[in-house]
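One file, start21.csv, is given below (CSV, C-alpha atoms).
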chain,number,residue,atom,x,y,z
A,1,MET,CA,-43.8,-5.8,15.0
A,2,ALA,CA,-43.2,-9.2,16.5
A,3,GLN,CA,-44.3,-12.3,14.5
A,4,GLN,CA,-48.0,-13.1,14.9
A,5,THR,CA,-48.7,-16.8,15.3
A,6,ILE,CA,-52.1,-18.2,14.3
A,7,ASN,CA,-53.9,-20.1,17.0
A,8,ILE,CA,-55.0,-23.4,15.4
A,9,GLY,CA,-56.8,-24.7,18.5
A,10,SER,CA,-56.1,-27.9,20.5
A,11,ALA,CA,-57.7,-30.2,17.9
A,12,ALA,CA,-59.2,-30.0,14.4
A,13,ASN,CA,-62.4,-28.1,14.3
A,14,ASP,CA,-62.7,-27.8,18.1
A,15,GLY,CA,-63.6,-24.1,17.8
A,16,THR,CA,-60.8,-22.9,20.1
A,17,GLY,CA,-58.5,-21.5,17.3
A,18,ASP,CA,-58.5,-18.1,15.6
A,19,PRO,CA,-61.5,-17.3,13.4
A,20,ILE,CA,-60.6,-17.4,9.7
A,21,ARG,CA,-60.7,-13.7,9.3
A,22,ASP,CA,-58.4,-13.1,12.3
A,23,ALA,CA,-56.0,-15.8,11.1
A,24,PHE,CA,-55.6,-14.3,7.6
A,25,ASP,CA,-55.3,-10.8,9.1
A,26,LYS,CA,-52.2,-12.1,11.0
A,27,VAL,CA,-51.0,-13.6,7.7
A,28,ASN,CA,-51.3,-10.2,5.9
A,29,ASP,CA,-49.6,-8.4,8.8
A,30,ASN,CA,-46.7,-10.8,8.7
A,31,PHE,CA,-46.3,-10.6,4.9
A,32,ASN,CA,-46.6,-6.8,5.0
A,33,GLU,CA,-43.7,-6.5,7.5
A,34,MET,CA,-41.6,-8.9,5.4
A,35,TYR,CA,-42.1,-7.0,2.2
A,36,GLY,CA,-41.8,-3.6,3.9
A,37,SER,CA,-38.7,-4.1,6.1
A,38,PHE,CA,-37.3,-7.6,6.6
A,39,VAL,CA,-35.4,-8.2,9.8
A,40,ALA,CA,-33.9,-11.7,10.4
A,41,THR,CA,-33.4,-12.2,14.1
A,42,GLY,CA,-31.9,-15.7,13.7
A,43,SER,CA,-29.9,-17.0,10.7
A,44,VAL,CA,-30.6,-17.0,7.0
A,45,THR,CA,-28.5,-19.5,5.0
A,46,VAL,CA,-28.2,-19.6,1.2
A,47,GLY,CA,-26.0,-22.3,-0.1
A,48,ASN,CA,-25.1,-25.9,-1.2
A,49,SER,CA,-22.7,-28.5,0.0
A,50,THR,CA,-19.6,-26.4,-1.0
A,51,VAL,CA,-20.6,-22.8,-0.9
A,52,ASN,CA,-22.7,-21.1,1.8
A,53,SER,CA,-24.0,-17.6,2.6
A,54,VAL,CA,-25.1,-17.2,6.2
A,55,VAL,CA,-26.7,-14.2,7.8
A,56,SER,CA,-27.2,-14.0,11.6
A,57,ASN,CA,-27.8,-11.2,14.1
A,58,THR,CA,-24.6,-12.1,16.0
A,59,GLY,CA,-22.1,-13.5,13.4
A,60,GLY,CA,-22.8,-11.1,10.5
A,61,LEU,CA,-22.8,-12.1,6.9
A,62,VAL,CA,-20.6,-15.0,5.9
A,63,THR,CA,-19.9,-15.9,2.2
A,64,GLY,CA,-17.5,-18.7,1.7
A,65,SER,CA,-16.3,-22.2,0.8
A,66,SER,CA,-13.7,-24.5,2.1
A,67,THR,CA,-10.8,-22.2,0.9
A,68,VAL,CA,-12.1,-18.7,0.8
A,69,ASN,CA,-14.3,-16.8,3.3
A,70,ALA,CA,-15.9,-13.4,3.4
A,71,VAL,CA,-17.3,-12.2,6.8
A,72,ALA,CA,-19.1,-8.9,7.5
A,73,ASN,CA,-20.7,-7.8,10.7
A,74,SER,CA,-21.3,-4.4,12.5
A,75,THR,CA,-17.6,-3.9,13.2
A,76,ASN,CA,-15.6,-6.1,10.8
A,77,PHE,CA,-15.3,-7.2,7.2
A,78,ALA,CA,-12.9,-10.0,6.4
A,79,VAL,CA,-11.9,-11.7,3.2
A,80,ALA,CA,-9.5,-14.6,3.8
A,81,ASN,CA,-8.1,-17.9,2.8
A,82,SER,CA,-5.3,-20.1,4.2
A,83,THR,CA,-2.5,-17.7,3.1
A,84,THR,CA,-3.8,-14.2,3.3
A,85,SER,CA,-6.6,-12.1,4.7
A,86,ALA,CA,-8.3,-8.8,4.4
A,87,VAL,CA,-9.9,-7.3,7.5
A,88,LEU,CA,-11.9,-4.1,7.7
A,89,ASP,CA,-13.1,-2.5,10.9
A,90,PRO,CA,-14.1,1.1,11.6
A,91,GLY,CA,-10.5,2.2,11.9
A,92,THR,CA,-8.3,-0.2,9.9
A,93,LEU,CA,-8.2,-2.2,6.6
A,94,THR,CA,-5.6,-5.0,6.8
A,95,ILE,CA,-4.7,-7.3,3.9
A,96,GLY,CA,-2.6,-10.3,4.9
A,97,SER,CA,0.6,-9.4,6.7
A,98,ASN,CA,1.7,-6.9,4.0
A,99,LEU,CA,-0.7,-4.0,3.9
A,100,SER,CA,-2.5,-2.2,6.8
A,101,ILE,CA,-4.5,1.0,6.4
A,102,ASN,CA,-6.1,3.0,9.2
A,103,THR,CA,-7.0,6.7,9.6
A,104,SER,CA,-3.5,7.8,10.2
A,105,LYS,CA,-1.1,5.1,8.9
A,106,VAL,CA,-0.4,2.9,5.9
A,107,THR,CA,2.0,0.0,6.5
A,108,VAL,CA,3.4,-2.4,3.9
A,109,GLY,CA,5.8,-5.0,5.3
A,110,ASN,CA,6.7,-8.3,6.8
A,111,SER,CA,9.2,-9.5,9.4
A,112,THR,CA,12.1,-8.1,7.4
A,113,VAL,CA,10.9,-5.2,5.2
A,114,ASN,CA,8.5,-2.5,6.2
A,115,THR,CA,7.1,0.6,4.5
A,116,THR,CA,5.1,2.9,6.8
A,117,TYR,CA,3.2,6.0,5.9
A,118,ASN,CA,1.2,8.1,8.4
A,119,VAL,CA,0.0,11.7,8.3
A,120,GLY,CA,3.5,13.1,9.1
A,121,GLU,CA,6.0,10.5,7.8
A,122,LEU,CA,6.8,8.0,5.1
A,123,THR,CA,9.4,5.4,6.0
A,124,LEU,CA,11.0,2.8,3.7
A,125,LYS,CA,13.1,0.3,5.6
A,126,THR,CA,15.1,-2.9,5.3
A,127,ALA,CA,17.5,-4.5,7.6
A,128,ALA,CA,20.4,-2.5,6.1
A,129,SER,CA,19.1,0.9,5.3
A,130,ASN,CA,16.1,3.2,5.6
A,131,ALA,CA,14.5,6.2,4.0
A,132,THR,CA,12.2,8.5,6.0
A,133,LEU,CA,10.2,11.4,4.6
A,134,THR,CA,8.4,14.0,6.7
A,135,PRO,CA,6.8,17.2,5.6
A,136,THR,CA,10.2,19.0,6.0
A,137,THR,CA,12.8,16.3,6.0
A,138,MET,CA,13.9,13.2,4.1
A,139,TYR,CA,16.5,10.8,5.4
A,140,VAL,CA,18.2,8.0,3.5
A,141,GLY,CA,20.7,5.9,5.3
A,142,ASN,CA,21.8,3.3,7.8
A,143,SER,CA,23.8,3.2,11.0
A,144,THR,CA,27.0,4.5,9.3
A,145,VAL,CA,25.9,6.7,6.4
A,146,TYR,CA,22.9,8.9,6.0
A,147,THR,CA,21.6,11.7,3.8
A,148,SER,CA,19.0,14.1,5.1
A,149,VAL,CA,17.1,16.8,3.2
A,150,ASN,CA,14.8,19.5,4.6
A,151,THR,CA,13.6,22.9,3.3
A,152,THR,CA,17.0,24.5,3.7
A,153,HIS,CA,19.7,21.9,3.9
A,154,VAL,CA,21.0,18.6,2.5
A,155,HIS,CA,23.3,16.6,4.8
A,156,THR,CA,25.2,13.5,4.0
A,157,GLY,CA,27.3,11.3,6.2
A,158,SER,CA,29.8,10.4,3.4
A,159,ALA,CA,29.7,10.9,-0.4
A,160,ASN,CA,31.8,9.7,-3.3
A,161,LEU,CA,31.8,12.0,-6.4
A,162,THR,CA,32.7,10.1,-9.6
A,163,SER,CA,32.0,12.8,-12.1
A,164,ASN,CA,34.0,16.1,-12.6
A,165,THR,CA,31.3,18.4,-11.4
A,166,LEU,CA,29.8,19.1,-8.0
A,167,THR,CA,27.3,22.0,-8.0
A,168,LEU,CA,27.0,24.1,-4.9
A,169,GLY,CA,24.6,27.0,-5.3
A,170,THR,CA,24.9,29.4,-8.3
A,171,SER,CA,27.9,30.6,-10.2
A,172,THR,CA,29.0,32.9,-13.0
A,173,ASP,CA,31.5,31.5,-15.5
A,174,SER,CA,33.3,34.6,-16.9
A,175,ALA,CA,36.3,36.8,-16.4
A,176,ASN,CA,34.5,38.5,-13.6
A,177,GLY,CA,32.6,35.8,-11.8
A,178,TYR,CA,31.9,33.9,-8.6
A,179,THR,CA,31.2,30.4,-7.3
A,180,TYR,CA,30.1,29.0,-3.9
A,181,LEU,CA,32.3,26.9,-1.8
A,182,PRO,CA,31.5,24.4,1.0
A,183,ASN,CA,30.2,25.6,4.4
A,184,GLY,CA,28.5,28.7,2.8
A,185,PHE,CA,31.7,30.4,1.6
A,186,LYS,CA,31.8,32.2,-1.7
A,187,MET,CA,34.8,32.9,-4.0
A,188,ILE,CA,34.8,36.0,-6.3
A,189,TRP,CA,37.3,36.8,-9.0
A,190,GLY,CA,37.8,39.6,-11.5
A,191,SER,CA,40.0,42.5,-12.7
A,192,VAL,CA,40.2,46.2,-12.5
A,193,GLU,CA,42.3,49.0,-14.0
A,194,ALA,CA,44.3,50.4,-11.1
A,195,ASN,CA,47.2,52.8,-10.4
A,196,SER,CA,48.5,54.7,-7.3
A,197,THR,CA,45.2,56.7,-6.9
A,198,THR,CA,42.3,54.7,-8.3
A,199,GLY,CA,41.1,51.1,-8.6
A,200,THR,CA,37.6,50.3,-7.3
A,201,ALA,CA,36.3,46.8,-8.2
A,202,VAL,CA,32.7,46.0,-7.6
A,203,PHE,CA,32.0,42.3,-6.8
A,204,THR,CA,29.8,40.5,-9.3
A,205,SER,CA,27.9,39.0,-6.4
A,206,ALA,CA,28.0,40.9,-3.1
A,207,TYR,CA,28.7,39.0,0.1
A,208,SER,CA,26.0,38.9,2.8
A,209,THR,CA,28.6,39.4,5.5
A,210,ASN,CA,32.0,40.5,4.2
A,211,ALA,CA,35.0,39.6,2.0
A,212,TYR,CA,37.4,38.1,4.6
A,213,VAL,CA,40.5,37.8,2.3
A,214,VAL,CA,41.3,39.5,-1.0
A,215,THR,CA,44.5,39.0,-2.9
A,216,ALA,CA,45.6,41.1,-5.9
A,217,THR,CA,48.3,40.9,-8.6
A,218,SER,CA,49.2,43.2,-11.5
A,219,ASN,CA,50.4,40.2,-13.7
A,220,THR,CA,53.0,42.4,-15.4
A,221,SER,CA,56.8,42.0,-15.4
A,222,SER,CA,57.6,45.3,-17.3
A,223,ASP,CA,58.1,47.2,-14.1
A,224,VAL,CA,58.2,46.0,-10.5
A,225,THR,CA,56.7,49.3,-9.4
A,226,TYR,CA,53.3,48.0,-10.8
A,227,SER,CA,53.0,45.7,-7.7
A,228,ALA,CA,49.4,45.8,-6.4
A,229,ALA,CA,48.0,46.0,-2.9
A,230,VAL,CA,44.5,45.8,-1.4
A,231,VAL,CA,43.9,48.9,0.6
A,232,ALA,CA,40.2,48.4,1.6
A,233,GLN,CA,37.4,46.0,1.2
A,234,ASN,CA,33.8,45.3,2.3
A,235,ASN,CA,30.9,43.0,1.3
A,236,SER,CA,30.5,44.6,-2.2
A,237,VAL,CA,33.7,46.3,-3.4
A,238,VAL,CA,37.5,46.1,-3.0
A,239,GLU,CA,39.9,49.1,-3.3
A,240,ILE,CA,43.2,48.2,-5.1
A,241,ARG,CA,46.2,50.4,-5.7
A,242,THR,CA,49.6,50.1,-7.3
A,243,SER,CA,52.9,51.9,-6.8
A,244,ASN,CA,52.8,53.4,-10.3
A,245,ALA,CA,50.8,56.3,-11.7
A,246,THR,CA,50.2,54.5,-15.0
A,247,LEU,CA,47.0,52.4,-15.1
A,248,THR,CA,47.5,48.6,-15.3
A,249,THR,CA,45.2,45.6,-15.1
A,250,VAL,CA,45.1,44.1,-11.7
A,251,TYR,CA,43.5,40.7,-11.0
A,252,PHE,CA,42.0,39.8,-7.7
A,253,THR,CA,40.5,36.9,-5.9
A,254,ALA,CA,38.2,37.2,-2.8
A,255,ILE,CA,36.8,34.7,-0.3
A,256,GLY,CA,34.0,35.5,2.2
A,257,LYS,CA,30.4,34.9,3.2
For this file, write the structure as structure tokens.
Amino acid sequence: MAQQTINIGSAANDGTGDPIRDAFDKVNDNFNEMYGSFVATGSVTVGNSTVNSVVSNTGGLVTGSSTVNAVANSTNFAVANSTTSAVLDPGTLTIGSNLSINTSKVTVGNSTVNTTYNVGELTLKTAASNATLTPTTMYVGNSTVYTSVNTTHVHTGSANLTSNTLTLGTSTDSANGYTYLPNGFKMIWGSVEANSTTGTAVFTSAYSTNAYVVTATSNTSSDVTYSAAVVAQNNSVVEIRTSNATLTTVYFTAIGK
């Protein structure tokens, strides 16, 4: 309802204004609308000489003083002073120059350092190095050295190992054992009782492809006829024989994938 104005006539008691009943009916209607649903089409100001709250239909709601201001309208909410600001619109919340949040990205940064997160990636960056995390990959590095990690691999541009241990995959530390080597290779070692007719050694961890190289030695000096030889091999066993009918312990080492 539009505001109803009481007609007070052209002069006092000239009989051209609204009757008293009609006039107070307009007063009731105006108050009823204000109490029921108040709409300010102009500006409403609550304040003093230093702090003011202003509501207008074009400028929004402003709460502020000479150093700090808060502004809200249909598309924007801002809290600011001379050094930093927070701005909220339907898609983004920004606080100063350091934090920005929208529906797909969070950014923390300035002219030299930036941290960015969106639905697919987290990036930590400085002028010298950066770290990037996606659902399947993480990168840490700069223009000369980087490390990347995904669901199946870890890559590094260069690495210095200062301790005595570098662990690659699994291993078995025993007389018959195995360990992984770089580039997916595996080394298996062990022993078997062998002679000129028998000597089948089962690998403690079968190769997925094959044993490419197997070496064997009898480690005995009592008789040179105990010299050992590899006669067959595959991904799970090696056949070793000696030149003597007496059983002797033969040691072997295998490398494969």
> range 186-189 of chain A: which residues within 10 Å, counting only C-alpha atoms, same-chain residues fewer than 3 positions away excluded, as a ChimeraX atom specification?
Replying inline: /A:168-172,174-183,203-208,211,213-216,251-257
> From the list A:Ser148, A:Ile6, A:Val230, A:Leu93, which residue is nearest Asp25 in chain A when using all atoms listed in the file?
Replying inline: A:Ile6
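If you count only C-alpha atoms and ignore residues fewer than 6 places along the chain from Asn130 in chain A, what sits within 6 Å of it is Leu124, Val140 and Gly141 of chain A.
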Using the selection just defined, write its residues with C-alpha atoms as a short mmCIF file (atom, residue, chain, number, x, y, z; two decimals), keeping the file's coordinate frame.
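Final output, out-v4.cif:
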data_model
loop_
_atom_site.label_atom_id
_atom_site.label_comp_id
_atom_site.auth_asym_id
_atom_site.auth_seq_id
_atom_site.Cartn_x
_atom_site.Cartn_y
_atom_site.Cartn_z
CA LEU A 124 11.00 2.80 3.70
CA VAL A 140 18.20 8.00 3.50
CA GLY A 141 20.70 5.90 5.30
#
Is there a way to get, as a JSON list (two decimals) with C-alpha atoms, in the coordinates of the input, all residues within 7 Å of the point (-54.8, -14.9, 13.5) in file coordinates, counting all atoms listed in the file?
[["chain", "number", "residue", "atom", "x", "y", "z"],
["A", 5, "THR", "CA", -48.70, -16.80, 15.30],
["A", 6, "ILE", "CA", -52.10, -18.20, 14.30],
["A", 7, "ASN", "CA", -53.90, -20.10, 17.00],
["A", 18, "ASP", "CA", -58.50, -18.10, 15.60],
["A", 22, "ASP", "CA", -58.40, -13.10, 12.30],
["A", 23, "ALA", "CA", -56.00, -15.80, 11.10],
["A", 24, "PHE", "CA", -55.60, -14.30, 7.60],
["A", 25, "ASP", "CA", -55.30, -10.80, 9.10],
["A", 26, "LYS", "CA", -52.20, -12.10, 11.00]]
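For the atom pair formed by CA of Ala2 in chain A and CA of Asn30 in chain A, the distance is 8.7 Å, given to one decimal.
One finds CA of Tyr139 in chain A at 21.7 Å from CA of Gly184 in chain A.
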> Which neighbours of Val149 in chain A fall inside 12 Å, counting all atoms listed in the file, when residues of the same chain fewer than 2 positions from it are skipped, and could you give them as a PyMOL selection string?
Replying inline: chain A and resi 131-141+146-147+151-157
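We find CA of Asn234 in chain A and CA of Asn219 in chain A to be spaced 23.6 Å apart.
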> Which is closer to Ser243 in chain A than all the others in A:Ala159, A:Leu166, A:Ala70, A:Val224, using all atoms listed in the file?
Replying inline: A:Val224
> Got a sec: who's within 12 Å of range 193-200 of chain A, counting all atoms listed in the file, leaving out chain neighbours fewer than 2 positions off, as a ChimeraX atom specification?
Replying inline: /A:190-191,202-203,216-219,225-234,236-252
> Could you pull the residues within 12 Å of Asn102 in chain A, counting all atoms listed in the file, minus those fewer than 5 positions along the same chain, as JSON, numbers by chain?
Replying inline: {"A": [87, 88, 89, 90, 91, 92, 93, 94, 95, 107, 116, 117, 118, 119]}
Working from the structure I just supplied, which lacks atoms in range 147-176 of chain A, can you model N, CA and C atoms there and output them as a PDB file, in the frame of the given file?
ATOM      1  N   THR A 147      21.788  10.464   4.542  1.00  0.00           N
ATOM      2  CA  THR A 147      21.600  11.700   3.800  1.00  0.00           C
ATOM      3  C   THR A 147      20.243  12.283   4.304  1.00  0.00           C
ATOM      4  N   SER A 148      20.210  13.531   4.713  1.00  0.00           N
ATOM      5  CA  SER A 148      19.000  14.100   5.100  1.00  0.00           C
ATOM      6  C   SER A 148      18.714  15.407   4.332  1.00  0.00           C
ATOM      7  N   VAL A 149      17.453  15.642   3.995  1.00  0.00           N
ATOM      8  CA  VAL A 149      17.100  16.800   3.200  1.00  0.00           C
ATOM      9  C   VAL A 149      15.908  17.487   3.904  1.00  0.00           C
ATOM     10  N   ASN A 150      16.012  18.775   4.149  1.00  0.00           N
ATOM     11  CA  ASN A 150      14.800  19.500   4.600  1.00  0.00           C
ATOM     12  C   ASN A 150      14.721  20.780   3.745  1.00  0.00           C
ATOM     13  N   THR A 151      13.897  21.716   4.183  1.00  0.00           N
ATOM     14  CA  THR A 151      13.600  22.900   3.300  1.00  0.00           C
ATOM     15  C   THR A 151      14.799  23.753   3.077  1.00  0.00           C
ATOM     16  N   THR A 152      15.853  23.653   3.898  1.00  0.00           N
ATOM     17  CA  THR A 152      17.000  24.500   3.700  1.00  0.00           C
ATOM     18  C   THR A 152      18.327  23.839   3.599  1.00  0.00           C
ATOM     19  N   HIS A 153      18.426  22.532   3.920  1.00  0.00           N
ATOM     20  CA  HIS A 153      19.700  21.900   3.900  1.00  0.00           C
ATOM     21  C   HIS A 153      19.665  20.477   3.374  1.00  0.00           C
ATOM     22  N   VAL A 154      20.814  20.032   2.874  1.00  0.00           N
ATOM     23  CA  VAL A 154      21.000  18.600   2.500  1.00  0.00           C
ATOM     24  C   VAL A 154      22.276  18.185   3.281  1.00  0.00           C
ATOM     25  N   HIS A 155      22.161  17.097   4.055  1.00  0.00           N
ATOM     26  CA  HIS A 155      23.300  16.600   4.800  1.00  0.00           C
ATOM     27  C   HIS A 155      23.585  15.159   4.373  1.00  0.00           C
ATOM     28  N   THR A 156      24.854  14.833   4.284  1.00  0.00           N
ATOM     29  CA  THR A 156      25.200  13.500   4.000  1.00  0.00           C
ATOM     30  C   THR A 156      26.365  13.015   4.848  1.00  0.00           C
ATOM     31  N   GLY A 157      26.285  11.793   5.327  1.00  0.00           N
ATOM     32  CA  GLY A 157      27.300  11.300   6.200  1.00  0.00           C
ATOM     33  C   GLY A 157      28.639  11.079   5.425  1.00  0.00           C
ATOM     34  N   SER A 158      28.602  10.558   4.227  1.00  0.00           N
ATOM     35  CA  SER A 158      29.800  10.400   3.400  1.00  0.00           C
ATOM     36  C   SER A 158      29.266  10.386   1.925  1.00  0.00           C
ATOM     37  N   ALA A 159      30.074  10.894   0.996  1.00  0.00           N
ATOM     38  CA  ALA A 159      29.700  10.900  -0.400  1.00  0.00           C
ATOM     39  C   ALA A 159      30.869  10.730  -1.292  1.00  0.00           C
ATOM     40  N   ASN A 160      30.719   9.937  -2.337  1.00  0.00           N
ATOM     41  CA  ASN A 160      31.800   9.700  -3.300  1.00  0.00           C
ATOM     42  C   ASN A 160      31.310  10.378  -4.647  1.00  0.00           C
ATOM     43  N   LEU A 161      32.126  11.317  -5.167  1.00  0.00           N
ATOM     44  CA  LEU A 161      31.800  12.000  -6.400  1.00  0.00           C
ATOM     45  C   LEU A 161      32.635  11.406  -7.535  1.00  0.00           C
ATOM     46  N   THR A 162      31.946  10.766  -8.489  1.00  0.00           N
ATOM     47  CA  THR A 162      32.700  10.100  -9.600  1.00  0.00           C
ATOM     48  C   THR A 162      32.776  10.951 -10.827  1.00  0.00           C
ATOM     49  N   SER A 163      31.915  11.970 -10.977  1.00  0.00           N
ATOM     50  CA  SER A 163      32.000  12.800 -12.100  1.00  0.00           C
ATOM     51  C   SER A 163      32.924  14.019 -11.835  1.00  0.00           C
ATOM     52  N   ASN A 164      33.084  14.930 -12.806  1.00  0.00           N
ATOM     53  CA  ASN A 164      34.000  16.100 -12.600  1.00  0.00           C
ATOM     54  C   ASN A 164      33.294  17.298 -12.065  1.00  0.00           C
ATOM     55  N   THR A 165      31.992  17.224 -11.765  1.00  0.00           N
ATOM     56  CA  THR A 165      31.300  18.400 -11.400  1.00  0.00           C
ATOM     57  C   THR A 165      30.464  18.183 -10.112  1.00  0.00           C
ATOM     58  N   LEU A 166      30.626  19.074  -9.168  1.00  0.00           N
ATOM     59  CA  LEU A 166      29.800  19.100  -8.000  1.00  0.00           C
ATOM     60  C   LEU A 166      29.242  20.544  -7.892  1.00  0.00           C
ATOM     61  N   THR A 167      27.949  20.714  -8.008  1.00  0.00           N
ATOM     62  CA  THR A 167      27.300  22.000  -8.000  1.00  0.00           C
ATOM     63  C   THR A 167      26.891  22.434  -6.651  1.00  0.00           C
ATOM     64  N   LEU A 168      27.398  23.575  -6.180  1.00  0.00           N
ATOM     65  CA  LEU A 168      27.000  24.100  -4.900  1.00  0.00           C
ATOM     66  C   LEU A 168      26.456  25.547  -5.164  1.00  0.00           C
ATOM     67  N   GLY A 169      25.165  25.728  -5.025  1.00  0.00           N
ATOM     68  CA  GLY A 169      24.600  27.000  -5.300  1.00  0.00           C
ATOM     69  C   GLY A 169      24.693  27.466  -6.706  1.00  0.00           C
ATOM     70  N   THR A 170      24.772  28.793  -6.911  1.00  0.00           N
ATOM     71  CA  THR A 170      24.900  29.400  -8.300  1.00  0.00           C
ATOM     72  C   THR A 170      26.297  29.813  -8.532  1.00  0.00           C
ATOM     73  N   SER A 171      26.581  30.148  -9.786  1.00  0.00           N
ATOM     74  CA  SER A 171      27.900  30.600 -10.200  1.00  0.00           C
ATOM     75  C   SER A 171      27.828  31.397 -11.447  1.00  0.00           C
ATOM     76  N   THR A 172      28.897  32.166 -11.741  1.00  0.00           N
ATOM     77  CA  THR A 172      29.000  32.900 -13.000  1.00  0.00           C
ATOM     78  C   THR A 172      30.353  32.511 -13.627  1.00  0.00           C
ATOM     79  N   ASP A 173      30.313  31.939 -14.823  1.00  0.00           N
ATOM     80  CA  ASP A 173      31.500  31.500 -15.500  1.00  0.00           C
ATOM     81  C   ASP A 173      31.950  32.570 -16.493  1.00  0.00           C
ATOM     82  N   SER A 174      32.793  33.501 -16.013  1.00  0.00           N
ATOM     83  CA  SER A 174      33.300  34.600 -16.900  1.00  0.00           C
ATOM     84  C   SER A 174      34.533  35.167 -16.243  1.00  0.00           C
ATOM     85  N   ALA A 175      35.117  36.164 -16.933  1.00  0.00           N
ATOM     86  CA  ALA A 175      36.300  36.800 -16.400  1.00  0.00           C
ATOM     87  C   ALA A 175      36.114  37.472 -15.093  1.00  0.00           C
ATOM     88  N   ASN A 176      34.923  38.004 -14.880  1.00  0.00           N
ATOM     89  CA  ASN A 176      34.500  38.500 -13.600  1.00  0.00           C
ATOM     90  C   ASN A 176      33.355  37.689 -13.105  1.00  0.00           C
TER      91      ASN A 176
END
